[in-house]
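Pasted below: input.cif, mmCIF, C-alpha atoms and all ligand atoms.
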```cif
data_start
#
loop_
_atom_site.group_PDB
_atom_site.id
_atom_site.type_symbol
_atom_site.label_atom_id
_atom_site.label_comp_id
_atom_site.auth_asym_id
_atom_site.auth_seq_id
_atom_site.Cartn_x
_atom_site.Cartn_y
_atom_site.Cartn_z
ATOM 1 C CA MET U 1 58.081 14.927 37.550
ATOM 2 C CA LEU U 2 58.736 13.533 34.085
ATOM 3 C CA VAL U 3 62.448 13.737 33.261
ATOM 4 C CA SER U 4 64.776 12.309 30.659
ATOM 5 C CA MET U 5 65.848 8.718 31.266
ATOM 6 C CA LYS U 6 69.408 9.867 30.711
ATOM 7 C CA ALA U 7 69.218 12.157 33.763
ATOM 8 C CA ILE U 8 68.000 9.274 35.928
ATOM 9 C CA LEU U 9 70.570 6.808 34.639
ATOM 10 C CA ASP U 10 73.526 9.203 34.723
ATOM 11 C CA ASP U 11 72.866 9.702 38.430
ATOM 12 C CA ALA U 12 72.525 5.941 38.951
ATOM 13 C CA ASN U 13 75.801 5.415 37.080
ATOM 14 C CA ARG U 14 77.550 8.054 39.179
ATOM 15 C CA ARG U 15 76.290 6.638 42.454
ATOM 16 C CA TYR U 16 76.281 2.905 41.674
ATOM 17 C CA TYR U 17 72.645 1.880 41.975
ATOM 18 C CA GLY U 18 69.992 0.296 39.789
ATOM 19 C CA VAL U 19 66.677 1.799 38.662
ATOM 20 C CA MET U 20 63.611 -0.316 37.957
ATOM 21 C CA ALA U 21 62.036 -0.040 34.517
ATOM 22 C CA MET U 22 58.649 -1.699 34.795
ATOM 23 C CA ASN U 23 56.501 -2.550 31.810
ATOM 24 C CA SER U 24 53.269 -0.826 32.808
ATOM 25 C CA ILE U 25 50.361 -1.574 30.540
ATOM 26 C CA ASN U 26 47.511 0.177 32.329
ATOM 27 C CA ILE U 27 46.715 2.871 34.883
ATOM 28 C CA GLU U 28 46.960 0.443 37.816
ATOM 29 C CA MET U 29 50.492 -0.598 36.918
ATOM 30 C CA ALA U 30 51.659 2.944 36.152
ATOM 31 C CA ARG U 31 50.208 4.246 39.422
ATOM 32 C CA ALA U 32 51.577 1.314 41.427
ATOM 33 C CA GLY U 33 55.094 1.989 40.122
ATOM 34 C CA ILE U 34 55.029 5.763 40.440
ATOM 35 C CA MET U 35 53.474 5.783 43.913
ATOM 36 C CA ALA U 36 55.875 3.070 45.093
ATOM 37 C CA ALA U 37 58.718 5.269 43.844
ATOM 38 C CA GLU U 38 57.387 8.272 45.755
ATOM 39 C CA GLU U 39 57.125 6.277 48.987
ATOM 40 C CA GLU U 40 60.589 4.776 48.491
ATOM 41 C CA HIS U 41 62.177 8.133 47.504
ATOM 42 C CA SER U 42 63.392 6.400 44.376
ATOM 43 C CA PRO U 43 63.441 7.222 40.672
ATOM 44 C CA ILE U 44 61.406 4.981 38.363
ATOM 45 C CA ILE U 45 61.169 4.271 34.655
ATOM 46 C CA VAL U 46 57.718 3.514 33.248
ATOM 47 C CA GLN U 47 57.865 1.671 29.946
ATOM 48 C CA PHE U 48 55.930 -0.418 27.478
ATOM 49 C CA GLY U 49 56.655 -1.925 24.095
ATOM 50 C CA PRO U 50 55.009 -1.811 20.660
ATOM 51 C CA GLY U 51 53.287 -5.189 21.165
ATOM 52 C CA GLN U 52 51.858 -4.125 24.525
ATOM 53 C CA MET U 53 50.571 -0.894 22.957
ATOM 54 C CA LYS U 54 48.998 -2.779 20.074
ATOM 55 C CA ASN U 55 47.422 -5.456 22.253
ATOM 56 C CA HIS U 56 46.293 -3.373 25.191
ATOM 57 C CA ALA U 57 46.836 0.375 25.625
ATOM 58 C CA HIS U 58 48.382 2.683 23.067
ATOM 59 C CA ALA U 59 50.762 5.545 23.854
ATOM 60 C CA GLU U 60 48.085 8.157 23.146
ATOM 61 C CA GLU U 61 45.911 6.589 25.867
ATOM 62 C CA MET U 62 48.656 6.018 28.428
ATOM 63 C CA LEU U 63 50.662 9.224 27.995
ATOM 64 C CA PRO U 64 48.186 11.681 29.615
ATOM 65 C CA VAL U 65 47.816 9.279 32.561
ATOM 66 C CA ILE U 66 51.558 8.953 33.066
ATOM 67 C CA LYS U 67 52.160 12.696 32.698
ATOM 68 C CA GLU U 68 49.493 13.419 35.311
ATOM 69 C CA LEU U 69 50.831 10.786 37.752
ATOM 70 C CA ALA U 70 54.408 12.018 37.303
ATOM 71 C CA LYS U 71 53.267 15.588 38.052
ATOM 72 C CA ARG U 72 51.892 14.494 41.427
ATOM 73 C CA VAL U 73 55.167 13.103 42.768
ATOM 74 C CA HIS U 74 58.505 14.602 43.720
ATOM 75 C CA VAL U 75 60.661 11.748 42.490
ATOM 76 C CA PRO U 76 61.939 11.593 38.899
ATOM 77 C CA VAL U 77 59.881 9.497 36.464
ATOM 78 C CA ALA U 78 60.982 8.625 32.923
ATOM 79 C CA LEU U 79 58.838 7.211 30.134
ATOM 80 C CA ASN U 80 60.554 4.756 27.814
ATOM 81 C CA LEU U 81 59.514 2.986 24.639
ATOM 82 C CA ASP U 82 60.723 -0.593 25.237
ATOM 83 C CA HIS U 83 62.107 -2.620 22.284
ATOM 84 C CA GLY U 84 61.286 -0.192 19.500
ATOM 85 C CA THR U 85 62.092 -1.590 16.065
ATOM 86 C CA ASP U 86 59.744 0.248 13.700
ATOM 87 C CA PHE U 87 60.927 3.728 12.738
ATOM 88 C CA HIS U 88 57.384 5.156 12.534
ATOM 89 C CA ILE U 89 56.461 3.953 16.025
ATOM 90 C CA ILE U 90 59.711 5.275 17.478
ATOM 91 C CA ALA U 91 59.254 8.675 15.798
ATOM 92 C CA ASP U 92 55.641 8.805 17.005
ATOM 93 C CA CYS U 93 56.723 8.150 20.608
ATOM 94 C CA ILE U 94 59.437 10.819 20.417
ATOM 95 C CA ASN U 95 56.892 13.304 19.074
ATOM 96 C CA ARG U 96 54.430 12.461 21.835
ATOM 97 C CA GLY U 97 56.953 13.215 24.570
ATOM 98 C CA PHE U 98 58.470 9.889 25.638
ATOM 99 C CA THR U 99 61.646 10.818 27.470
ATOM 100 C CA ASN U 100 63.586 7.825 26.108
ATOM 101 C CA VAL U 101 63.275 5.381 23.255
ATOM 102 C CA MET U 102 64.985 2.030 22.984
ATOM 103 C CA PHE U 103 65.982 0.931 19.533
ATOM 104 C CA ASP U 104 66.455 -2.824 19.516
ATOM 105 C CA GLY U 105 68.665 -3.726 16.586
ATOM 106 C CA SER U 106 70.135 -6.709 18.427
ATOM 107 C CA SER U 107 68.899 -9.219 15.845
ATOM 108 C CA LEU U 108 70.398 -7.254 12.940
ATOM 109 C CA PRO U 109 73.878 -7.676 11.466
ATOM 110 C CA TYR U 110 76.311 -5.450 13.427
ATOM 111 C CA GLU U 111 76.719 -2.687 10.813
ATOM 112 C CA ASP U 112 72.930 -2.437 10.341
ATOM 113 C CA ASN U 113 72.455 -2.167 14.094
ATOM 114 C CA VAL U 114 75.062 0.638 14.149
ATOM 115 C CA SER U 115 73.558 2.601 11.256
ATOM 116 C CA ARG U 116 69.923 2.327 12.374
ATOM 117 C CA THR U 117 70.713 3.076 16.018
ATOM 118 C CA SER U 118 72.755 6.126 14.906
ATOM 119 C CA MET U 119 69.817 7.414 12.891
ATOM 120 C CA ILE U 120 67.439 7.019 15.853
ATOM 121 C CA SER U 121 69.974 8.708 18.142
ATOM 122 C CA ALA U 122 70.258 11.724 15.860
ATOM 123 C CA LEU U 123 66.485 12.058 15.608
ATOM 124 C CA ALA U 124 65.785 11.539 19.322
ATOM 125 C CA HIS U 125 68.587 13.749 20.600
ATOM 126 C CA GLY U 126 67.393 16.550 18.335
ATOM 127 C CA MET U 127 64.063 16.359 20.160
ATOM 128 C CA GLY U 128 65.567 16.189 23.673
ATOM 129 C CA CYS U 129 64.820 12.478 24.057
ATOM 130 C CA SER U 130 67.504 10.013 25.163
ATOM 131 C CA VAL U 131 68.223 6.613 23.588
ATOM 132 C CA GLU U 132 68.944 3.048 24.708
ATOM 133 C CA GLY U 133 70.570 0.636 22.266
ATOM 134 C CA GLU U 134 71.175 -3.109 22.514
ATOM 135 C CA LEU U 135 74.239 -5.049 21.511
ATOM 136 C CA GLY U 136 74.510 -8.796 21.888
ATOM 137 C CA HIS U 137 71.117 -10.424 22.106
ATOM 138 C CA VAL U 138 68.894 -11.073 25.135
ATOM 139 C CA GLY U 139 66.623 -13.929 24.110
ATOM 140 C CA GLN U 140 63.619 -15.721 25.605
ATOM 141 C CA ALA U 141 63.917 -17.628 28.895
ATOM 142 C CA ALA U 142 61.693 -20.442 27.617
ATOM 143 C CA ASN U 143 64.137 -21.089 24.778
ATOM 144 C CA SER U 144 67.450 -22.264 26.227
ATOM 145 C CA ASP U 145 69.223 -21.775 22.874
ATOM 146 C CA ASP U 146 68.741 -18.061 23.358
ATOM 147 C CA MET U 147 71.107 -18.164 26.351
ATOM 148 C CA ASP U 148 73.893 -18.949 23.874
ATOM 149 C CA GLN U 149 77.109 -17.279 25.074
ATOM 150 C CA ASP U 150 77.957 -16.374 21.475
ATOM 151 C CA LEU U 151 75.162 -13.828 21.782
ATOM 152 C CA TYR U 152 76.687 -12.163 24.863
ATOM 153 C CA THR U 153 77.947 -8.597 24.454
ATOM 154 C CA ASP U 154 81.600 -8.203 23.514
ATOM 155 C CA PRO U 155 83.237 -5.249 25.368
ATOM 156 C CA ASP U 156 85.456 -4.071 22.467
ATOM 157 C CA GLN U 157 82.602 -4.194 19.995
ATOM 158 C CA ALA U 158 80.392 -2.412 22.545
ATOM 159 C CA LEU U 159 82.880 0.467 22.762
ATOM 160 C CA ASP U 160 82.858 0.832 18.977
ATOM 161 C CA PHE U 161 79.026 0.667 19.011
ATOM 162 C CA VAL U 162 78.622 3.329 21.687
ATOM 163 C CA GLN U 163 81.155 5.671 20.078
ATOM 164 C CA ARG U 164 79.523 5.394 16.648
ATOM 165 C CA THR U 165 75.867 5.532 17.736
ATOM 166 C CA GLY U 166 75.957 8.013 20.636
ATOM 167 C CA VAL U 167 73.468 5.994 22.711
ATOM 168 C CA ASP U 168 72.917 7.165 26.286
ATOM 169 C CA ALA U 169 72.492 3.671 27.751
ATOM 170 C CA LEU U 170 73.346 0.205 26.481
ATOM 171 C CA ALA U 171 71.408 -3.025 27.027
ATOM 172 C CA VAL U 172 73.905 -5.859 27.361
ATOM 173 C CA ALA U 173 73.530 -9.621 27.123
ATOM 174 C CA VAL U 174 75.239 -11.306 30.088
ATOM 175 C CA GLY U 175 73.023 -14.312 30.844
ATOM 176 C CA THR U 176 69.482 -13.155 31.575
ATOM 177 C CA ALA U 177 66.549 -13.768 29.220
ATOM 178 C CA HIS U 178 63.020 -12.404 28.759
ATOM 179 C CA GLY U 179 60.048 -14.141 30.358
ATOM 180 C CA ALA U 180 59.717 -16.966 32.881
ATOM 181 C CA TYR U 181 62.567 -19.464 33.266
ATOM 182 C CA PRO U 182 61.751 -23.155 33.506
ATOM 183 C CA LYS U 183 60.656 -23.972 37.082
ATOM 184 C CA GLY U 184 63.526 -23.922 39.582
ATOM 185 C CA LYS U 185 66.023 -22.377 37.181
ATOM 186 C CA ILE U 186 67.960 -19.250 38.169
ATOM 187 C CA PRO U 187 70.129 -17.814 35.393
ATOM 188 C CA LYS U 188 73.898 -17.814 35.682
ATOM 189 C CA LEU U 189 75.230 -14.358 34.887
ATOM 190 C CA ASP U 190 78.650 -13.602 33.428
ATOM 191 C CA PHE U 191 79.753 -11.032 36.020
ATOM 192 C CA ASP U 192 83.348 -10.881 34.736
ATOM 193 C CA ARG U 193 82.061 -9.800 31.360
ATOM 194 C CA LEU U 194 79.734 -7.282 32.967
ATOM 195 C CA CYS U 195 82.587 -5.731 34.996
ATOM 196 C CA GLN U 196 84.684 -5.581 31.842
ATOM 197 C CA LEU U 197 81.841 -3.869 29.966
ATOM 198 C CA LYS U 198 81.471 -1.289 32.728
ATOM 199 C CA GLU U 199 85.194 -0.612 32.877
ATOM 200 C CA THR U 200 85.377 -0.198 29.104
ATOM 201 C CA LEU U 201 82.223 1.860 28.606
ATOM 202 C CA GLN U 202 81.869 3.832 31.872
ATOM 203 C CA MET U 203 78.208 4.500 31.105
ATOM 204 C CA PRO U 204 74.724 3.357 32.210
ATOM 205 C CA LEU U 205 74.192 -0.345 31.424
ATOM 206 C CA VAL U 206 70.806 -2.052 31.142
ATOM 207 C CA LEU U 207 69.771 -5.561 32.166
ATOM 208 C CA HIS U 208 66.780 -6.940 30.263
ATOM 209 C CA GLY U 209 64.880 -9.947 31.566
ATOM 210 C CA GLY U 210 65.023 -8.904 35.215
ATOM 211 C CA SER U 211 62.261 -11.334 36.225
ATOM 212 C CA GLY U 212 63.233 -14.564 37.963
ATOM 213 C CA SER U 213 66.879 -13.496 38.225
ATOM 214 C CA GLY U 214 67.076 -13.920 41.987
ATOM 215 C CA GLU U 215 68.018 -11.295 44.564
ATOM 216 C CA GLU U 216 71.654 -12.276 44.769
ATOM 217 C CA ASN U 217 72.139 -11.977 41.004
ATOM 218 C CA LEU U 218 70.359 -8.625 40.976
ATOM 219 C CA ARG U 219 72.491 -7.181 43.784
ATOM 220 C CA LYS U 220 75.670 -8.447 42.156
ATOM 221 C CA ALA U 221 74.599 -7.138 38.738
ATOM 222 C CA VAL U 222 74.104 -3.661 40.215
ATOM 223 C CA ALA U 223 77.453 -3.869 42.023
ATOM 224 C CA SER U 224 79.041 -4.848 38.681
ATOM 225 C CA GLY U 225 77.629 -1.866 36.794
ATOM 226 C CA ILE U 226 73.962 -2.374 35.874
ATOM 227 C CA ASN U 227 71.883 0.810 36.312
ATOM 228 C CA LYS U 228 68.539 -0.067 34.704
ATOM 229 C CA ILE U 229 66.698 -3.323 35.260
ATOM 230 C CA ASN U 230 63.737 -4.196 33.039
ATOM 231 C CA VAL U 231 60.935 -6.128 34.706
ATOM 232 C CA CYS U 232 57.707 -7.321 33.134
ATOM 233 C CA THR U 233 56.894 -10.989 33.846
ATOM 234 C CA ASP U 234 57.300 -10.741 37.637
ATOM 235 C CA ALA U 235 55.230 -7.537 37.810
ATOM 236 C CA PHE U 236 52.380 -9.173 35.864
ATOM 237 C CA ALA U 237 52.669 -12.201 38.181
ATOM 238 C CA ALA U 238 52.489 -9.995 41.296
ATOM 239 C CA GLY U 239 49.257 -8.432 40.011
ATOM 240 C CA LYS U 240 47.745 -11.782 39.092
ATOM 241 C CA LYS U 241 48.687 -13.360 42.418
ATOM 242 C CA SER U 242 47.059 -10.503 44.347
ATOM 243 C CA MET U 243 43.874 -10.819 42.299
ATOM 244 C CA LEU U 244 43.684 -14.584 42.846
ATOM 245 C CA LYS U 245 44.294 -14.182 46.574
ATOM 246 C CA ALA U 246 41.585 -11.529 46.831
ATOM 247 C CA LEU U 247 39.155 -13.777 44.947
ATOM 248 C CA GLU U 248 39.973 -16.720 47.149
ATOM 249 C CA GLN U 249 39.206 -14.642 50.228
ATOM 250 C CA GLU U 250 36.073 -13.134 48.717
ATOM 251 C CA PRO U 251 34.707 -14.987 45.665
ATOM 252 C CA ASP U 252 32.073 -12.299 44.992
ATOM 253 C CA LEU U 253 34.576 -9.467 44.846
ATOM 254 C CA ASP U 254 33.725 -6.980 42.076
ATOM 255 C CA TYR U 255 35.991 -5.979 39.209
ATOM 256 C CA MET U 256 37.019 -2.628 40.682
ATOM 257 C CA HIS U 257 38.222 -4.220 43.904
ATOM 258 C CA LEU U 258 40.111 -6.848 41.928
ATOM 259 C CA CYS U 259 41.925 -4.053 40.062
ATOM 260 C CA MET U 260 42.666 -2.393 43.400
ATOM 261 C CA ALA U 261 44.068 -5.651 44.780
ATOM 262 C CA ALA U 262 46.334 -6.007 41.753
ATOM 263 C CA GLU U 263 47.571 -2.437 42.122
ATOM 264 C CA ALA U 264 48.361 -2.900 45.818
ATOM 265 C CA GLY U 265 50.234 -6.154 45.113
ATOM 266 C CA ILE U 266 52.291 -4.630 42.308
ATOM 267 C CA LYS U 267 53.087 -1.578 44.412
ATOM 268 C CA GLN U 268 54.489 -3.753 47.203
ATOM 269 C CA PHE U 269 56.443 -5.789 44.653
ATOM 270 C CA VAL U 270 58.003 -2.591 43.247
ATOM 271 C CA LYS U 271 58.899 -1.272 46.695
ATOM 272 C CA ASP U 272 60.641 -4.537 47.597
ATOM 273 C CA PHE U 273 62.461 -4.582 44.253
ATOM 274 C CA MET U 274 63.703 -1.017 44.728
ATOM 275 C CA LYS U 275 65.276 -1.972 48.048
ATOM 276 C CA VAL U 276 67.117 -4.880 46.409
ATOM 277 C CA ILE U 277 68.576 -2.815 43.555
ATOM 278 C CA GLY U 278 69.531 0.092 45.798
ATOM 279 C CA SER U 279 67.364 2.907 44.434
ATOM 280 C CA SER U 280 65.343 3.386 47.649
ATOM 281 C CA GLY U 281 66.242 6.586 49.463
ATOM 282 C CA ARG U 282 68.245 8.000 46.564
ATOM 283 C CA TYR U 283 65.961 10.937 46.024
ATOM 284 C CA ILE U 284 65.021 12.861 49.133
ATOM 285 C CA TYR U 285 62.890 15.844 48.235
ATOM 286 C CA GLY U 286 64.536 19.141 49.190
ATOM 287 C CA GLU U 287 68.041 17.732 49.346
ATOM 288 C CA THR U 288 70.730 18.874 46.935
ATOM 289 C CA ARG U 289 70.668 15.348 45.489
ATOM 290 C CA GLN U 290 67.947 16.359 43.084
ATOM 291 C CA VAL U 291 70.295 18.732 41.237
ATOM 292 C CA GLY U 292 70.889 17.428 37.756
ATOM 293 C CA TYR U 293 67.407 16.101 37.139
ATOM 294 C CA GLU U 294 65.920 19.376 35.938
HETATM 295 P P1 LIG P 301 61.016 -9.952 31.913
HETATM 296 O O1 LIG P 301 59.618 -10.139 31.434
HETATM 297 O O2 LIG P 301 61.817 -11.203 31.879
HETATM 298 O O3 LIG P 301 61.068 -9.267 33.236
HETATM 299 O O4 LIG P 301 61.762 -8.989 30.865
HETATM 300 C C1 LIG P 301 61.303 -7.680 30.713
HETATM 301 C C2 LIG P 301 62.146 -6.922 29.759
HETATM 302 O O5 LIG P 301 63.321 -7.132 29.638
HETATM 303 C C3 LIG P 301 61.467 -5.880 28.974
HETATM 304 O O6 LIG P 301 62.326 -5.284 28.057
#
```
Just give me the structure of the file as structure tokens.
Ligand code: 13P
Amino acid sequence: MLVSMKAILDDANRRYYGVMAMNSINIEMARAGIMAAEEEHSPIIVQFGPGQMKNHAHAEEMLPVIKELAKRVHVPVALNLDHGTDFHIIADCINRGFTNVMFDGSSLPYEDNVSRTSMISALAHGMGCSVEGELGHVGQAANSDDMDQDLYTDPDQALDFVQRTGVDALAVAVGTAHGAYPKGKIPKLDFDRLCQLKETLQMPLVLHGGSGSGEENLRKAVASGINKINVCTDAFAAGKKSMLKALEQEPDLDYMHLCMAAEAGIKQFVKDFMKVIGSSGRYIYGETRQVGYE
């Protein structure tokens, strides 16, 4: 079932676990994630960003697929616009039935981030759609300058931001970055800051740049208050690796079977990830646990 991202994350916040938000740019990825969630009895967040829509599959193509897949499973599924910046695209996604939009004003001056995020919040909430904001800035893993601690989220400023914008979840910068890290590098996360943010805000917190973070960091991040973990690079890599392996075993394999290999590889990757972040087994159909999602 398709539910608001807020419902999923409020439960995760209450019960101290993380939910995977996988950038899913085609039917294979969306189905891999949603079916993995069903088998793991876990919630899942399907998401993609404006660039991914422009380059590959637009919301109007993906939405019917995701709605249909979500209808087939018992576990809660949310659909999120990742890194929205353009008002028209965000409004279009809200109108189409995304159950969450992220407004990324993290590169803007603070007051501009507050005013634009507030405007998006008012619009989205009026349409029954929840909102993720970002404060501090999560940069690119390939660019080490973007790991600058000056860009990490400040807890006092975050409280002011959340109170003034009314966001339902907040993406925080605590040491991860988007994309692949240089070979051998595992990011160092500022867990003290993360614990402080959780204690101050008492709300769902989001970790961007989940790829390449390492299992220990992920477990500790969830234990310190992270409830949503964004993953793109590692999911793409899992699909690519499965395709290459299938080709190696059978060089004449046709395109359909290559797509099937990618889907199976991504599904296994998602299932393993869900176990690490503690969302497996959180949603047993028929149990009272599901109350609150409707
Ligand atoms: P990665 O590609 O590093 O997993 O980051 C994904 C992300 O944060 C999407 O918002």
Would you work out the distance separating atom CA of Gln196 of chain U from atom CA of Val101 of chain U, expressed in Å to one decimal?
25.5 Å
Residues matched by the PyMOL selection byres (((chain U and resi 26) around 12) and not hetatm) as a count of residues only
32
Around (73.4, -10.9, 33.7) in the file's own coordinates, what residues are found within 6 Å if you use only C-alpha atoms, given back as a ChimeraX atom specification?
/U:174-176,189-190
Using only C-alpha atoms and all ligand atoms, find each residue with an atom at most 7 Å away from ligand LIG 301 (chain P) and format the answer as a list in words.
Asn23, Asp82, His83, Ala177, His178, Gly179, Ala180, His208, Gly209, Gly210, Ser211, Asn230, Val231, Cys232, Thr233 and Asp234 of chain U
On this structure, which residues satisfy the PyMOL selection byres (((chain U and resi 89-100) around 9) and not hetatm), written as number ranges by chain?
U: 2-6, 50, 59-60, 63, 78-82, 84-88, 101-103, 120, 123-124, 127-132
Residue IDs satisfying the PyMOL selection byres (((chain U and resi 200) around 9) and not hetatm), as a list in words
Pro155, Asp156, Ala158, Leu159, Cys195, Gln196, Leu197, Lys198, Glu199, Leu201, Gln202 and Met203 of chain U
Tell me, in Å to one decimal, how far atom CA of Lys188 of chain U is from atom CA of Ala221 of chain U.
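A separation of 11.1 Å between them.
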Could you tell me how far atom CA of Asp150 of chain U lies from atom CA of Glu134 of chain U, in Å and to one decimal?
14.9 Å
Minimum-distance residue to Phe273 of chain U, chosen among U:Ile45, U:Val19, U:Ala7, U:Leu194 (using only C-alpha atoms)
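Between U:Ile45, U:Val19, U:Ala7, U:Leu194, the residue approaching Phe273 of chain U most closely is U:Val19.
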When distances are computed from only C-alpha atoms, which of U:Asn217, U:Ser242, U:Ser121, U:Ser42 shows the smallest separation from Ala169 of chain U?
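Distance minimum relative to Ala169 of chain U lands on U:Ser121.
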Tell me, as a PyMOL selection string, which residues lie within 10 Å of segment 256-258 of chain U, counting only C-alpha atoms; anything in the same chain fewer than 5 positions away does not count.
chain U and resi 239-240+242-247+263-264
